[in-house]
Amino acid sequence: MGIGDTVWHKWLRRPYNLAARDIGHGNTTVVLLHGIGASGAVWQSLIRLLEPAEWRVLVPDLLGFGASPKPQWGDYTVHDHAKQVIALLKRAKVKGPVVIVGHSMGTLIATRIASTNPKRVGRLILYEPPLYAMDPEFPGHVRRREYYFALYTFIAAHPQLAVTQAQLVWRIAKKIVGLRLSEAEWIPFSRSLHNTIMRKTAYSELHSIQVPTDIIHGRFDLVVTRKDVRRMYRRNHNITWHTVPDVHGISVRSARYLAALLQGKPPPKKRTKKRTP
């Protein structure tokens with residue numbers, strides 16, 4: 001990236017054009033925001049379940065990931081990420097409130113957009129949000145927050161290990177989260193981890209969110225802590241809680257669950273094997 005990028009984007013703070021797929025021509029627009037270290041490709045199972053005649057689906061690669069620009073000077077705060085997505089909505093000439101579905105870090109960006117631009121968002125679906133609070137009322141949650149932040153701090157300081165896999169912690173992280181980082185994504189990853197996930201705004205924003213919001217946690221998710229989270233938001237009746245038998249990621253099972261929520265259908269029940277007599 002040359003002097004033009006520096007002047008236009010760094011100095012003048014103009015948003016980048018995110019790489020994005022624009023699928024379908026329905027009356028309802030849904031925006032799918034992936035998690036850290038991933039790309040819009042993680043949503044393929046969900047996209048297949050949405051009828052193009054009913055839905056318009058925007059699937060961006062977030063700033064720093066996939067085919068989108070990867071400025072090495074960027075801070076990658078939640079504000080930075082949200083700004084690029086809002087610019088995408090404007091370029092795509094999206095009319096009316098949209099539904100935003102986010103996974104992991106994408107949930108924090110989705111919440112930021114809904115809090116700062118409430119007229120643009122009609123509904124939030126937040127799948128496996130990493131919500132961490134320093135609230136003495138919930139000491140169990142605070143202890144878990146400290147464990148996770150110790151791991152995140154190490155990872156943010158050593159993003160190159162995602163490629164070399166020289167440390168056990170990265171091999172574990174890669175199995176849990178499914179990280180696939182290129183060299184150009186090292187800085188976007190580490191700064192997004194530090195400035196978006198560890199310095200999030202979603203925890204406080206969700207307390208006063210007015211948009212109908214579904215929050216789904218995976219029962220076997222080892223990446224985020226669920227301890228006391230429901231109790232923290234018990235006074236906000238705009239939030240509906242769900243639990244699915246899944247790990248941290250967009251599996252076929254979770255895609256079916258998300259599609260059912262979007263379509264207003266009963267979520268699929270867990271299949272049980274029939275016993276042979």
# chains A, B, ... in the order shown; residues from 1 in each chain; ligands from 1

$ residues_around --residues "region 124-141 of chain A" --least-positions-apart "4" --cutoff "6 Å" --atoms "only C-alpha atoms" --output "number ranges by chain"
A: 99-104, 107, 145, 203, 213-217, 224, 227

$ residues_around --residues "Arg48 (chain A)" --least-positions-apart "2" --cutoff "12 Å" --atoms "only C-alpha atoms" --output "ChimeraX atom specification"
/A:23-24,41-46,50-52,55,57,252,255-256,258-259

$ write_last_selection --atoms "all heavy atoms" --output "short mmCIF file (atom, residue, chain, number, x, y, z; two decimals), in the first residue's frame"
data_model
loop_
_atom_site.label_atom_id
_atom_site.label_comp_id
_atom_site.auth_asym_id
_atom_site.auth_seq_id
_atom_site.Cartn_x
_atom_site.Cartn_y
_atom_site.Cartn_z
N ILE A 23 -25.54 -11.75 -2.20
CA ILE A 23 -26.27 -12.92 -2.70
C ILE A 23 -27.77 -12.71 -2.50
O ILE A 23 -28.22 -12.27 -1.45
CB ILE A 23 -25.83 -14.19 -1.94
CG1 ILE A 23 -24.31 -14.34 -2.01
CG2 ILE A 23 -26.53 -15.43 -2.48
CD1 ILE A 23 -23.74 -15.24 -0.95
N GLY A 24 -28.55 -13.08 -3.50
CA GLY A 24 -30.00 -13.05 -3.37
C GLY A 24 -30.59 -11.68 -3.66
O GLY A 24 -29.89 -10.68 -3.83
N ALA A 41 -16.13 -16.95 4.28
CA ALA A 41 -16.34 -18.33 3.84
C ALA A 41 -16.94 -19.23 4.92
O ALA A 41 -17.54 -20.26 4.62
CB ALA A 41 -15.01 -18.93 3.35
N VAL A 42 -16.81 -18.82 6.20
CA VAL A 42 -17.32 -19.67 7.28
C VAL A 42 -18.85 -19.76 7.26
O VAL A 42 -19.42 -20.66 7.89
CB VAL A 42 -16.87 -19.15 8.66
CG1 VAL A 42 -15.36 -19.12 8.76
CG2 VAL A 42 -17.47 -17.79 8.98
N TRP A 43 -19.51 -18.86 6.53
CA TRP A 43 -20.98 -18.81 6.53
C TRP A 43 -21.61 -19.65 5.42
O TRP A 43 -22.83 -19.60 5.24
CB TRP A 43 -21.44 -17.37 6.38
CG TRP A 43 -21.04 -16.48 7.51
CD1 TRP A 43 -20.09 -15.50 7.48
CD2 TRP A 43 -21.59 -16.46 8.82
NE1 TRP A 43 -20.01 -14.88 8.70
CE2 TRP A 43 -20.93 -15.45 9.55
CE3 TRP A 43 -22.59 -17.21 9.46
CZ2 TRP A 43 -21.22 -15.17 10.88
CZ3 TRP A 43 -22.88 -16.93 10.79
CH2 TRP A 43 -22.20 -15.92 11.48
N GLN A 44 -20.82 -20.41 4.68
CA GLN A 44 -21.37 -21.09 3.51
C GLN A 44 -22.52 -22.02 3.85
O GLN A 44 -23.51 -22.10 3.11
CB GLN A 44 -20.25 -21.88 2.80
CG GLN A 44 -20.62 -22.34 1.41
CD GLN A 44 -21.04 -21.20 0.49
OE1 GLN A 44 -20.46 -20.12 0.51
NE2 GLN A 44 -22.07 -21.43 -0.32
N SER A 45 -22.43 -22.73 4.96
CA SER A 45 -23.51 -23.66 5.34
C SER A 45 -24.81 -22.93 5.61
O SER A 45 -25.90 -23.43 5.29
CB SER A 45 -23.10 -24.47 6.58
OG SER A 45 -22.00 -25.31 6.29
N LEU A 46 -24.72 -21.74 6.20
CA LEU A 46 -25.92 -20.94 6.47
C LEU A 46 -26.48 -20.34 5.18
O LEU A 46 -27.70 -20.34 4.97
CB LEU A 46 -25.60 -19.83 7.47
CG LEU A 46 -26.73 -18.84 7.77
CD1 LEU A 46 -27.97 -19.55 8.28
CD2 LEU A 46 -26.26 -17.78 8.77
N LEU A 50 -30.66 -20.27 3.05
CA LEU A 50 -31.47 -19.05 2.90
C LEU A 50 -31.91 -18.90 1.45
O LEU A 50 -31.08 -18.83 0.54
CB LEU A 50 -30.66 -17.83 3.34
CG LEU A 50 -30.20 -17.84 4.81
CD1 LEU A 50 -29.38 -16.60 5.12
CD2 LEU A 50 -31.37 -17.97 5.76
N GLU A 51 -33.21 -18.86 1.23
CA GLU A 51 -33.79 -18.78 -0.11
C GLU A 51 -33.47 -17.42 -0.74
O GLU A 51 -33.83 -16.37 -0.19
CB GLU A 51 -35.30 -18.99 -0.03
CG GLU A 51 -36.03 -18.81 -1.34
CD GLU A 51 -35.51 -19.73 -2.43
OE1 GLU A 51 -35.39 -20.95 -2.15
OE2 GLU A 51 -35.20 -19.23 -3.52
N PRO A 52 -32.78 -17.39 -1.90
CA PRO A 52 -32.41 -16.11 -2.53
C PRO A 52 -33.59 -15.20 -2.83
O PRO A 52 -33.44 -13.98 -2.85
CB PRO A 52 -31.71 -16.56 -3.82
CG PRO A 52 -31.23 -17.94 -3.55
CD PRO A 52 -32.25 -18.55 -2.65
N TRP A 55 -34.25 -13.53 0.72
CA TRP A 55 -33.19 -12.86 1.47
C TRP A 55 -32.17 -12.23 0.52
O TRP A 55 -31.85 -12.79 -0.53
CB TRP A 55 -32.45 -13.86 2.36
CG TRP A 55 -33.32 -14.52 3.37
CD1 TRP A 55 -34.03 -15.67 3.21
CD2 TRP A 55 -33.57 -14.05 4.69
NE1 TRP A 55 -34.71 -15.96 4.37
CE2 TRP A 55 -34.45 -14.98 5.29
CE3 TRP A 55 -33.14 -12.96 5.43
CZ2 TRP A 55 -34.91 -14.83 6.59
CZ3 TRP A 55 -33.59 -12.81 6.73
CH2 TRP A 55 -34.46 -13.74 7.31
N VAL A 57 -28.29 -11.41 1.08
CA VAL A 57 -27.26 -11.76 2.06
C VAL A 57 -25.96 -11.06 1.70
O VAL A 57 -25.40 -11.28 0.62
CB VAL A 57 -27.05 -13.28 2.11
CG1 VAL A 57 -26.09 -13.64 3.24
CG2 VAL A 57 -28.38 -14.01 2.29
N VAL A 252 -22.48 -27.22 10.55
CA VAL A 252 -23.75 -27.46 9.86
C VAL A 252 -24.90 -27.39 10.86
O VAL A 252 -25.96 -26.84 10.57
CB VAL A 252 -23.72 -28.82 9.15
CG1 VAL A 252 -25.09 -29.14 8.57
CG2 VAL A 252 -22.66 -28.82 8.05
N ALA A 255 -25.52 -23.78 11.75
CA ALA A 255 -26.11 -23.10 10.59
C ALA A 255 -27.61 -23.37 10.53
O ALA A 255 -28.40 -22.45 10.25
CB ALA A 255 -25.43 -23.55 9.31
N ARG A 256 -28.01 -24.61 10.78
CA ARG A 256 -29.44 -24.94 10.78
C ARG A 256 -30.18 -24.17 11.88
O ARG A 256 -31.30 -23.70 11.69
CB ARG A 256 -29.64 -26.44 10.96
CG ARG A 256 -29.29 -27.27 9.73
CD ARG A 256 -29.89 -28.67 9.81
NE ARG A 256 -29.34 -29.42 10.93
CZ ARG A 256 -28.35 -30.30 10.81
NH1 ARG A 256 -27.81 -30.54 9.63
NH2 ARG A 256 -27.90 -30.96 11.87
N LEU A 258 -29.29 -21.26 13.24
CA LEU A 258 -29.34 -19.85 12.88
C LEU A 258 -30.36 -19.60 11.78
O LEU A 258 -31.09 -18.60 11.81
CB LEU A 258 -27.96 -19.38 12.42
CG LEU A 258 -26.88 -19.31 13.51
CD1 LEU A 258 -25.50 -19.10 12.90
CD2 LEU A 258 -27.19 -18.21 14.52
N ALA A 259 -30.44 -20.49 10.80
CA ALA A 259 -31.42 -20.35 9.72
C ALA A 259 -32.83 -20.40 10.27
O ALA A 259 -33.71 -19.63 9.84
CB ALA A 259 -31.21 -21.44 8.67
#

$ closest_residue --among "A:Leu49, A:Trp11, A:Gly66, A:Leu58" --to "Leu261 (chain A)" --atoms "only C-alpha atoms"
A:Leu49

$ select_by_dssp --residues "region 100-146 of chain A" --states "alpha helix (DSSP H)" --output "tab-separated table (two decimals) with all heavy atoms, in the first residue's frame"
chain	number	residue	atom	x	y	z
A	105	MET	N	-15.95	-12.52	17.37
A	105	MET	CA	-15.64	-11.10	17.27
A	105	MET	C	-16.68	-10.36	16.44
A	105	MET	O	-16.96	-9.17	16.68
A	105	MET	CB	-14.25	-10.89	16.64
A	105	MET	CG	-13.80	-9.43	16.63
A	105	MET	SD	-12.19	-9.15	15.86
A	105	MET	CE	-12.64	-9.25	14.12
A	106	GLY	N	-17.29	-11.03	15.47
A	106	GLY	CA	-18.32	-10.40	14.66
A	106	GLY	C	-19.52	-9.95	15.48
A	106	GLY	O	-20.22	-9.00	15.12
A	107	THR	N	-19.77	-10.62	16.64
A	107	THR	CA	-20.89	-10.20	17.49
A	107	THR	C	-20.60	-8.85	18.14
A	107	THR	O	-21.52	-8.06	18.35
A	107	THR	CB	-21.15	-11.24	18.60
A	107	THR	OG1	-20.05	-11.26	19.52
A	107	THR	CG2	-21.35	-12.63	18.03
A	108	LEU	N	-19.34	-8.60	18.45
A	108	LEU	CA	-18.96	-7.32	19.07
A	108	LEU	C	-19.13	-6.18	18.07
A	108	LEU	O	-19.58	-5.08	18.43
A	108	LEU	CB	-17.53	-7.38	19.57
A	108	LEU	CG	-17.16	-8.59	20.45
A	108	LEU	CD1	-15.70	-8.52	20.87
A	108	LEU	CD2	-18.07	-8.66	21.66
A	109	ILE	N	-18.78	-6.44	16.82
A	109	ILE	CA	-18.93	-5.44	15.77
A	109	ILE	C	-20.41	-5.20	15.49
A	109	ILE	O	-20.85	-4.06	15.33
A	109	ILE	CB	-18.19	-5.89	14.50
A	109	ILE	CG1	-16.70	-6.08	14.79
A	109	ILE	CG2	-18.39	-4.89	13.35
A	109	ILE	CD1	-15.95	-6.83	13.71
A	110	ALA	N	-21.19	-6.27	15.44
A	110	ALA	CA	-22.64	-6.15	15.21
A	110	ALA	C	-23.29	-5.32	16.29
A	110	ALA	O	-24.14	-4.46	16.02
A	110	ALA	CB	-23.26	-7.54	15.15
A	111	THR	N	-22.92	-5.56	17.55
A	111	THR	CA	-23.49	-4.81	18.67
A	111	THR	C	-23.12	-3.35	18.59
A	111	THR	O	-23.94	-2.46	18.87
A	111	THR	CB	-23.02	-5.41	20.00
A	111	THR	OG1	-23.38	-6.79	20.05
A	111	THR	CG2	-23.64	-4.69	21.18
A	112	ARG	N	-21.89	-3.08	18.19
A	112	ARG	CA	-21.44	-1.69	18.04
A	112	ARG	C	-22.26	-0.96	16.99
A	112	ARG	O	-22.68	0.18	17.18
A	112	ARG	CB	-19.96	-1.67	17.65
A	112	ARG	CG	-19.37	-0.29	17.46
A	112	ARG	CD	-19.34	0.48	18.76
A	112	ARG	NE	-18.60	1.73	18.60
A	112	ARG	CZ	-18.48	2.64	19.57
A	112	ARG	NH1	-19.04	2.42	20.74
A	112	ARG	NH2	-17.82	3.73	19.36
A	113	ILE	N	-22.51	-1.61	15.86
A	113	ILE	CA	-23.29	-1.00	14.79
A	113	ILE	C	-24.71	-0.71	15.27
A	113	ILE	O	-25.26	0.37	15.04
A	113	ILE	CB	-23.31	-1.90	13.55
A	113	ILE	CG1	-21.90	-2.02	12.96
A	113	ILE	CG2	-24.28	-1.36	12.49
A	113	ILE	CD1	-21.78	-3.08	11.89
A	114	ALA	N	-25.32	-1.68	15.96
A	114	ALA	CA	-26.70	-1.50	16.44
A	114	ALA	C	-26.80	-0.40	17.49
A	114	ALA	O	-27.80	0.32	17.55
A	114	ALA	CB	-27.22	-2.81	17.01
A	115	SER	N	-25.75	-0.24	18.30
A	115	SER	CA	-25.77	0.77	19.35
A	115	SER	C	-25.56	2.18	18.81
A	115	SER	O	-26.16	3.14	19.31
A	115	SER	CB	-24.68	0.47	20.40
A	115	SER	OG	-24.93	-0.76	21.02
A	116	THR	N	-24.73	2.30	17.79
A	116	THR	CA	-24.42	3.62	17.25
A	116	THR	C	-25.29	4.01	16.06
A	116	THR	O	-25.39	5.19	15.72
A	116	THR	CB	-22.94	3.69	16.84
A	116	THR	OG1	-22.66	2.64	15.90
A	116	THR	CG2	-22.04	3.53	18.05
A	139	PRO	N	-17.87	-12.78	40.78
A	139	PRO	CA	-16.44	-13.15	40.91
A	139	PRO	C	-16.03	-14.35	40.07
A	139	PRO	O	-14.90	-14.41	39.59
A	139	PRO	CB	-16.30	-13.44	42.42
A	139	PRO	CG	-17.68	-13.75	42.89
A	139	PRO	CD	-18.59	-12.89	42.05
A	140	GLY	N	-16.95	-15.31	39.87
A	140	GLY	CA	-16.61	-16.47	39.03
A	140	GLY	C	-16.34	-16.05	37.61
A	140	GLY	O	-15.40	-16.54	36.97
A	141	HIS	N	-17.13	-15.14	37.09
A	141	HIS	CA	-16.92	-14.63	35.74
A	141	HIS	C	-15.59	-13.88	35.65
A	141	HIS	O	-14.85	-14.02	34.68
A	141	HIS	CB	-18.08	-13.71	35.35
A	141	HIS	CG	-17.94	-13.10	34.00
A	141	HIS	ND1	-18.38	-13.72	32.84
A	141	HIS	CD2	-17.37	-11.93	33.59
A	141	HIS	CE1	-18.11	-12.95	31.80
A	141	HIS	NE2	-17.49	-11.87	32.24
A	142	VAL	N	-15.29	-13.08	36.67
A	142	VAL	CA	-14.06	-12.28	36.67
A	142	VAL	C	-12.83	-13.20	36.65
A	142	VAL	O	-11.86	-12.94	35.95
A	142	VAL	CB	-14.02	-11.34	37.89
A	142	VAL	CG1	-12.65	-10.66	38.00
A	142	VAL	CG2	-15.11	-10.29	37.78
A	143	ARG	N	-12.87	-14.28	37.44
A	143	ARG	CA	-11.74	-15.22	37.44
A	143	ARG	C	-11.52	-15.83	36.07
A	143	ARG	O	-10.39	-15.94	35.58
A	143	ARG	CB	-11.97	-16.31	38.48
A	143	ARG	CG	-11.78	-15.88	39.91
A	143	ARG	CD	-11.69	-17.07	40.83
A	143	ARG	NE	-12.91	-17.87	40.82
A	143	ARG	CZ	-13.96	-17.64	41.61
A	143	ARG	NH1	-13.92	-16.65	42.48
A	143	ARG	NH2	-15.02	-18.43	41.55
A	144	ARG	N	-12.62	-16.23	35.43
A	144	ARG	CA	-12.50	-16.80	34.09
A	144	ARG	C	-11.99	-15.76	33.11
A	144	ARG	O	-11.21	-16.08	32.21
A	144	ARG	CB	-13.85	-17.36	33.64
A	144	ARG	CG	-14.20	-18.68	34.30
A	144	ARG	CD	-15.64	-19.06	34.06
A	144	ARG	NE	-15.93	-20.41	34.50
A	144	ARG	CZ	-16.11	-20.76	35.77
A	144	ARG	NH1	-16.02	-19.82	36.72
A	144	ARG	NH2	-16.37	-22.00	36.11
A	145	ARG	N	-12.43	-14.53	33.25
A	145	ARG	CA	-11.94	-13.44	32.40
A	145	ARG	C	-10.42	-13.32	32.50
A	145	ARG	O	-9.73	-13.16	31.49
A	145	ARG	CB	-12.60	-12.13	32.82
A	145	ARG	CG	-12.10	-10.90	32.08
A	145	ARG	CD	-12.70	-9.65	32.70
A	145	ARG	NE	-12.33	-8.43	32.00
A	145	ARG	CZ	-11.21	-7.74	32.23
A	145	ARG	NH1	-10.36	-8.17	33.16
A	145	ARG	NH2	-10.96	-6.64	31.53
A	146	GLU	N	-9.89	-13.41	33.69
A	146	GLU	CA	-8.44	-13.30	33.89
A	146	GLU	C	-7.70	-14.43	33.20
A	146	GLU	O	-6.63	-14.21	32.60
A	146	GLU	CB	-8.14	-13.27	35.39
A	146	GLU	CG	-8.63	-12.01	36.08
A	146	GLU	CD	-8.46	-12.08	37.59
A	146	GLU	OE1	-8.08	-13.17	38.10
A	146	GLU	OE2	-8.71	-11.06	38.26

$ residues_around --residues "Asn238 (chain A)" --least-positions-apart "6" --cutoff "8 Å" --atoms "only C-alpha atoms" --output "VMD selection string"
chain A and resid 209 to 213

$ write_last_selection --atoms "N, CA, C and O atoms" --output "PDB file, in the first residue's frame"
ATOM      1  N   ILE A 209     -29.350  -2.209  25.008  1.00  0.00           N
ATOM      2  CA  ILE A 209     -29.707  -2.415  23.606  1.00  0.00           C
ATOM      3  C   ILE A 209     -31.229  -2.451  23.458  1.00  0.00           C
ATOM      4  O   ILE A 209     -31.931  -3.077  24.254  1.00  0.00           O
ATOM      5  N   GLN A 210     -31.745  -1.753  22.457  1.00  0.00           N
ATOM      6  CA  GLN A 210     -33.180  -1.696  22.208  1.00  0.00           C
ATOM      7  C   GLN A 210     -33.600  -2.588  21.054  1.00  0.00           C
ATOM      8  O   GLN A 210     -34.783  -2.812  20.831  1.00  0.00           O
ATOM      9  N   VAL A 211     -32.629  -3.094  20.308  1.00  0.00           N
ATOM     10  CA  VAL A 211     -32.900  -3.955  19.163  1.00  0.00           C
ATOM     11  C   VAL A 211     -33.189  -5.374  19.660  1.00  0.00           C
ATOM     12  O   VAL A 211     -32.489  -5.876  20.547  1.00  0.00           O
ATOM     13  N   PRO A 212     -34.221  -6.055  19.126  1.00  0.00           N
ATOM     14  CA  PRO A 212     -34.432  -7.457  19.487  1.00  0.00           C
ATOM     15  C   PRO A 212     -33.162  -8.266  19.220  1.00  0.00           C
ATOM     16  O   PRO A 212     -32.628  -8.253  18.115  1.00  0.00           O
ATOM     17  N   THR A 213     -32.690  -8.965  20.249  1.00  0.00           N
ATOM     18  CA  THR A 213     -31.384  -9.606  20.186  1.00  0.00           C
ATOM     19  C   THR A 213     -31.469 -11.057  20.661  1.00  0.00           C
ATOM     20  O   THR A 213     -31.979 -11.327  21.749  1.00  0.00           O
TER      21      THR A 213
END
